[in-house]
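Reading through the structure tokens given below for one structure.
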Protein chains: 2
Amino acid sequence: MALIVQKYGGTSVGSVERIKNVARRVIKWADAGHQLVVVVSAMSGETNRLIGLAREIQPEPDPRELDVVASTGEQVTIGLLAMALKSLGRDARSYTGFQVGVHTDSAFTKARIESIDQQRIRADLQAGRVVVVAGFQGVDSDGQITTLGRGGSDTSGVALAAALDADECQIYTDVDGVYTTDPRVVPEASKLPSITFEEMLEMASLGSKVLQIRSVEFAGKYRVRLRVLSSLTPWDIPLAEEMRSGTLITFEEDQNMERAVVSGIAFARDEAKITVVGVPDRPGIAYQILSAVGQANIEVDMIVQNQSVDGFTDFSFTVGRNDYARTLGILKSQVQAHIGARDVLGDPKSCKVSIVGVGMRSHAGVASTMFRTLSEEGINIQMISTSEIKVSVLIDEKYLELAVRALHRAFDLDAPAAASA
Amino acid sequence: MALIVQKYGGTSVGSVERIKNVARRVIKWADAGHQLVVVVSAMSGETNRLIGLAREIQPEPDPRELDVVASTGEQVTIGLLAMALKSLGRDARSYTGFQVGVHTDSAFTKARIESIDQQRIRADLQAGRVVVVAGFQGVDSDGQITTLGRGGSDTSGVALAAALDADECQIYTDVDGVYTTDPRVVPEASKLPSITFEEMLEMASLGSKVLQIRSVEFAGKYRVRLRVLSSLTPWDIPLAEEMRSGTLITFEEDQNMERAVVSGIAFARDEAKITVVGVPDRPGIAYQILSAVGQANIEVDMIVQNQSVDGFTDFSFTVGRNDYARTLGILKSQVQAHIGARDVLGDPKSCKVSIVGVGMRSHAGVASTMFRTLSEEGINIQMISTSEIKVSVLIDEKYLELAVRALHRAFDLDAPAAASA
């Protein structure tokens, strides 16, 4: 008997009929002898409706009160799911974040979970009940309602699994797992039966939409075994088949020698490149450039500084395309003259493509294969940035699909799922 | 400076624009130097929408979970109203029943308030904030969310006023006070500037729709000064004019000698009369008849038993018209033969008309004026029942309007409001 935390997103509980199907799926797991804690989001569209109401009252809604309003979406779902479970003969109880004791800081609309009480949930599980918990929400030390921000229900699920030391946290979404890359770009993309936590973190932060990055970080910190599953499969498929249908995020590197060196290709569209040209190479220059950008609340992604020649260097970085014009303006007006740079140039039409895989730690030549492949396709590399388990390049956005397809093929990902399960 | 609890119903907060107007009205009171605690209902239609969702999941929704779902309606309103107050420059904080500590028993969907914590509200009032509290809801001793049942927001308002020892509890509704009778039946009906608690209780229970009977009982028990006000007046009328526009429910009988003997005429349509004929007059007969009806969850209103003649008597009572056929069936099949009654007769087309007034305690002849008036209109009285401050008669429903109008005139209520303020 395992203790399993399942999380269902807004689409999975988007109608009365879908809530009933979630109940049937939960009961299938419970009938197999497992203890179930189910975390749910608001019915799809509901959070937007509530925020819309708030904005009609106050264009910039008061954060404390916005959380009071927005948290009702999940509260409706937990009650409805508990009813659905009971109507199918399985005892259940719903709890808000307040009731369980999901303790957070007081950063309304983007609170962070600090601890979760176990007592009430344990008692219900012991009594044979399914426990249904509202995702996305908590309570601060002053008894005020908080929400965790968009995607917070994933985090709620993982945090509950950590607090309860659950055997597994299953995130049901409307995609059926983690793919070698986006199947819309590469139809030959295949689902990964498993992926390491580190790879998942790189994939998530590089633009895969499967899991919220915060929930993956949380899973890493508390070593929660995560499984991404599809809520689109029929609820009554056998358990073993359902387990196989998703992707397991593990902490153990696969011992299988056949494991692919590269697990997946991630990408991010809508990047923009900025280069400060002819910067005097002295301490503090990078700080002066980036602090001006940071003070304007602009997020910087890749950062590259070349070796200086004759005491001057070029300093490049990327920002989201929406921030491109503003960034350029700030640098030209506030920074260029001040630091004595020759010019500020930019290109708003870039994209980032990354290869990710724990295998590359022990395999030389992965980066060079990537560069050769892009070169053979005539794709110029604008910037390069690397970590232990990934290599990212910035390229002209018009080559995005071509680059992803070529790399997917070059690293043997086109074949049926790399043998790693 | 007074501490005032105001309660606004679903129609008063039925749209974003109306919520803003409630905020403006609240600020008007606060600007006059008063401390304000505001209790609100769900936006009109919202509770029905939520219950509808629940019924789609489970035709007889689990009461515990129904309360989890239904209580979200008020939670949305408190957040929106607090935002509206803040956007108009008045500091405010919203609280759910759970957060305030509105402690109830565990009778889900119809819980009773046991106590209310003051601490949090007092601290906010001291800090100059308007406190906005969700009506209709509370929390049981096990931390479970409860609701008070339909109309429960009135009760929340009165209970909060009692707990805080407020100077006044103001119930804003879409009628503008308590009238001598229903103006739809008697266009000459006039608003009562004040009414005693006992009269209000009789008026409420006899069919006036202004206040929930439970909230009036609560106000009586804890001696809360209640005022019914109209939320339909412009929010910016002067305070003094606003006070005059409603009806005050007092505990002090008016010392003004000019006070009308009868304060109002109440009525209830859709009554049905049942008579058990030729009942042997022995102890336990009334019990045997009424317990059979009570076991079927049928509510009995008026009960009359005549003096027996030759050891036999007739036993009459009224039920709601919807229960008429079922009541007749139960009595004929289970009771008539068993107690040796001669027959069971009935009339499903009755109505009840009552005159109410504390003045009748000290005035003889009030009942006889009523009976004479009805007789002059050719209206036959089927049953009579009296209390210290009311006389009720059951009559054929086709005479309802005629009777109410005639009595309204006979007791001098047609004139501009009886001088009692």
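So you can find residues: chains in the structure tokens are A, B, ... in the order shown, residues in each start at 1, and ligands are numbered from 1 in order.
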
Could you list, with a cut-off of 7 Å and counting only C-alpha atoms, the residues of chain A near chain B, each shown with its nearest atom pair and the distance in Å rounded to one decimal, rows sorted by chain and ascending number, as JSON lines?
{"residue": "A:Val16", "atom": "CA", "partner": "B:Ile57", "partner_atom": "CA", "distance": 6.3}
{"residue": "A:Ala54", "atom": "CA", "partner": "B:Leu80", "partner_atom": "CA", "distance": 6.1}
{"residue": "A:Glu56", "atom": "CA", "partner": "B:Val16", "partner_atom": "CA", "distance": 6.8}
{"residue": "A:Ile57", "atom": "CA", "partner": "B:Ala84", "partner_atom": "CA", "distance": 5.8}
{"residue": "A:Gln58", "atom": "CA", "partner": "B:Ser87", "partner_atom": "CA", "distance": 6.2}
{"residue": "A:Pro61", "atom": "CA", "partner": "B:Met83", "partner_atom": "CA", "distance": 6.6}
{"residue": "A:Asp62", "atom": "CA", "partner": "B:Met83", "partner_atom": "CA", "distance": 6.0}
{"residue": "A:Glu65", "atom": "CA", "partner": "B:Gly79", "partner_atom": "CA", "distance": 4.7}
{"residue": "A:Leu66", "atom": "CA", "partner": "B:Gly79", "partner_atom": "CA", "distance": 6.6}
{"residue": "A:Val68", "atom": "CA", "partner": "B:Gly79", "partner_atom": "CA", "distance": 5.6}
{"residue": "A:Val69", "atom": "CA", "partner": "B:Val76", "partner_atom": "CA", "distance": 4.6}
{"residue": "A:Thr72", "atom": "CA", "partner": "B:Thr72", "partner_atom": "CA", "distance": 5.4}
{"residue": "A:Gln75", "atom": "CA", "partner": "B:Val69", "partner_atom": "CA", "distance": 6.4}
{"residue": "A:Val76", "atom": "CA", "partner": "B:Val69", "partner_atom": "CA", "distance": 4.6}
{"residue": "A:Gly79", "atom": "CA", "partner": "B:Glu65", "partner_atom": "CA", "distance": 4.7}
{"residue": "A:Leu80", "atom": "CA", "partner": "B:Ala54", "partner_atom": "CA", "distance": 6.1}
{"residue": "A:Ala82", "atom": "CA", "partner": "B:Glu65", "partner_atom": "CA", "distance": 6.7}
{"residue": "A:Met83", "atom": "CA", "partner": "B:Asp62", "partner_atom": "CA", "distance": 6.0}
{"residue": "A:Ala84", "atom": "CA", "partner": "B:Ile57", "partner_atom": "CA", "distance": 5.8}
{"residue": "A:Ser87", "atom": "CA", "partner": "B:Gln58", "partner_atom": "CA", "distance": 6.2}
{"residue": "A:Gln99", "atom": "CA", "partner": "B:Gly143", "partner_atom": "CA", "distance": 6.7}
{"residue": "A:Gly143", "atom": "CA", "partner": "B:Gln99", "partner_atom": "CA", "distance": 6.7}

Just list the residues in region 332-390 of chain B DSSP gives helix (DSSP H, G or I) on the backbone, as a list in words.
Lys332, Ser333, Gln334, Val335, Gln336, Ala337, His338, Ile339, Val358, Gly359, Met360, Arg361, Val366, Ala367, Ser368, Thr369, Met370, Phe371, Arg372, Thr373, Leu374, Ser375 and Glu376 of chain B

Can those selected residues be exported to a file as an mmCIF file, in the first residue's frame so that it contains C-alpha atoms?
data_model
loop_
_atom_site.group_PDB
_atom_site.id
_atom_site.type_symbol
_atom_site.label_atom_id
_atom_site.label_comp_id
_atom_site.auth_asym_id
_atom_site.auth_seq_id
_atom_site.Cartn_x
_atom_site.Cartn_y
_atom_site.Cartn_z
ATOM 1 C CA LYS B 332 -57.663 8.681 6.865
ATOM 2 C CA SER B 333 -55.427 5.629 6.553
ATOM 3 C CA GLN B 334 -53.531 5.630 9.858
ATOM 4 C CA VAL B 335 -55.439 7.657 12.400
ATOM 5 C CA GLN B 336 -59.209 7.890 11.843
ATOM 6 C CA ALA B 337 -60.147 4.303 12.622
ATOM 7 C CA HIS B 338 -57.509 3.955 15.305
ATOM 8 C CA ILE B 339 -58.877 6.796 17.424
ATOM 9 C CA VAL B 358 -48.618 45.515 21.428
ATOM 10 C CA GLY B 359 -51.361 48.124 21.959
ATOM 11 C CA MET B 360 -54.048 45.461 22.085
ATOM 12 C CA ARG B 361 -52.744 44.254 25.459
ATOM 13 C CA VAL B 366 -59.787 44.758 19.401
ATOM 14 C CA ALA B 367 -60.809 41.218 18.481
ATOM 15 C CA SER B 368 -64.464 42.149 18.330
ATOM 16 C CA THR B 369 -63.666 45.040 15.968
ATOM 17 C CA MET B 370 -61.880 42.545 13.764
ATOM 18 C CA PHE B 371 -64.746 40.047 13.784
ATOM 19 C CA ARG B 372 -67.356 42.767 13.171
ATOM 20 C CA THR B 373 -65.355 44.153 10.240
ATOM 21 C CA LEU B 374 -65.094 40.761 8.611
ATOM 22 C CA SER B 375 -68.752 40.023 9.246
ATOM 23 C CA GLU B 376 -69.769 43.324 7.630
#

Selection near Val344 (chain B), 7 Å with only C-alpha atoms, sequence-local residues under 5 positions removed, as an mmCIF file with N, CA and C atoms, in the first residue's frame:
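Result file part.cif:
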data_model
loop_
_atom_site.group_PDB
_atom_site.id
_atom_site.type_symbol
_atom_site.label_atom_id
_atom_site.label_comp_id
_atom_site.auth_asym_id
_atom_site.auth_seq_id
_atom_site.Cartn_x
_atom_site.Cartn_y
_atom_site.Cartn_z
ATOM 1 N N THR B 275 -59.943 19.071 9.411
ATOM 2 C CA THR B 275 -60.734 18.869 10.627
ATOM 3 C C THR B 275 -60.999 17.385 10.821
ATOM 4 N N VAL B 276 -60.647 16.896 11.997
ATOM 5 C CA VAL B 276 -60.981 15.519 12.356
ATOM 6 C C VAL B 276 -62.285 15.607 13.146
ATOM 7 N N VAL B 277 -63.341 15.023 12.604
ATOM 8 C CA VAL B 277 -64.691 15.223 13.127
ATOM 9 C C VAL B 277 -65.099 14.076 14.056
ATOM 10 N N LYS B 332 -56.606 9.640 7.225
ATOM 11 C CA LYS B 332 -57.663 8.681 6.865
ATOM 12 C C LYS B 332 -57.161 7.251 6.998
#

Which residues, written as number ranges by chain, have at least one atom at most 10 Å from region 200-204 of chain A, with only C-alpha atoms counted and residues fewer than 4 positions away on the same chain left out?
A: 178-181, 194-196, 208-217, 219-220, 249-250, 263-267, 354-357, 387, 389-390

Close residues, Asn297 (chain B) itself excluded, 12 Å, only C-alpha atoms, min 2 positions apart in chain, as a list in words
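Returned residues: Leu290, Ser291, Ala292, Val293, Gly294, Gln295, Glu299, Val300, Val319, Gly320, Asp323, Arg326, Thr327 and Ile330 of chain B.
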
Could you write those residues out with C-alpha atoms, as a PDB file, in the first residue's frame?
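What follows is the written file again38.pdb:
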ATOM      1  CA  LEU B 290     -50.422  15.429  15.445  1.00  0.00           C
ATOM      2  CA  SER B 291     -47.648  12.899  15.975  1.00  0.00           C
ATOM      3  CA  ALA B 292     -48.718  10.999  12.864  1.00  0.00           C
ATOM      4  CA  VAL B 293     -48.524  14.257  10.911  1.00  0.00           C
ATOM      5  CA  GLY B 294     -45.235  15.314  12.510  1.00  0.00           C
ATOM      6  CA  GLN B 295     -43.590  11.988  11.722  1.00  0.00           C
ATOM      7  CA  GLU B 299     -45.489  21.357   9.699  1.00  0.00           C
ATOM      8  CA  VAL B 300     -48.661  22.329  11.520  1.00  0.00           C
ATOM      9  CA  VAL B 319     -50.905  22.888   7.161  1.00  0.00           C
ATOM     10  CA  GLY B 320     -49.219  24.326   4.084  1.00  0.00           C
ATOM     11  CA  ASP B 323     -48.964  19.120   2.329  1.00  0.00           C
ATOM     12  CA  ARG B 326     -50.634  13.939   2.057  1.00  0.00           C
ATOM     13  CA  THR B 327     -51.962  14.999   5.472  1.00  0.00           C
ATOM     14  CA  ILE B 330     -52.213   9.914   6.535  1.00  0.00           C
TER      15      ILE B 330
END

Can you tell me how far CA of Tyr399 (chain B) sits from CA of Asp343 (chain B), in Å to one decimal?
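The value is 27.1 Å.
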
9 Å contact set for Leu160 (chain B), only C-alpha atoms, chain neighbours under 2 positions out, as a list in words:
Val5, Val37, Val39, Val102, Ile116, Gln118, Thr155, Ser156, Gly157, Val158, Ala162, Ala163, Leu164, Asp165, Ala166 and Cys169 of chain B

12 Å contact set for Asp301 (chain B), only C-alpha atoms, chain neighbours under 4 positions out, as a ChimeraX atom specification
/B:205-206,268,270-274,290,293-294,316-321,323,351-352,383-385,392-394

Among listed residues A:Ala286, A:Ile113, A:Ala260, A:Val185, nearest Glu401 (chain A) (using only C-alpha atoms):
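Closest to Glu401 (chain A), using only C-alpha atoms: A:Val185.
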
So what do you get for CA of Val22 (chain A) versus CA of Met1 (chain A), distance-wise?
20.6 Å

Option closest in space to Leu232 (chain B), from B:Val13, B:Leu345, B:Ala123, B:Ala406 [counting only C-alpha atoms]
B:Val13
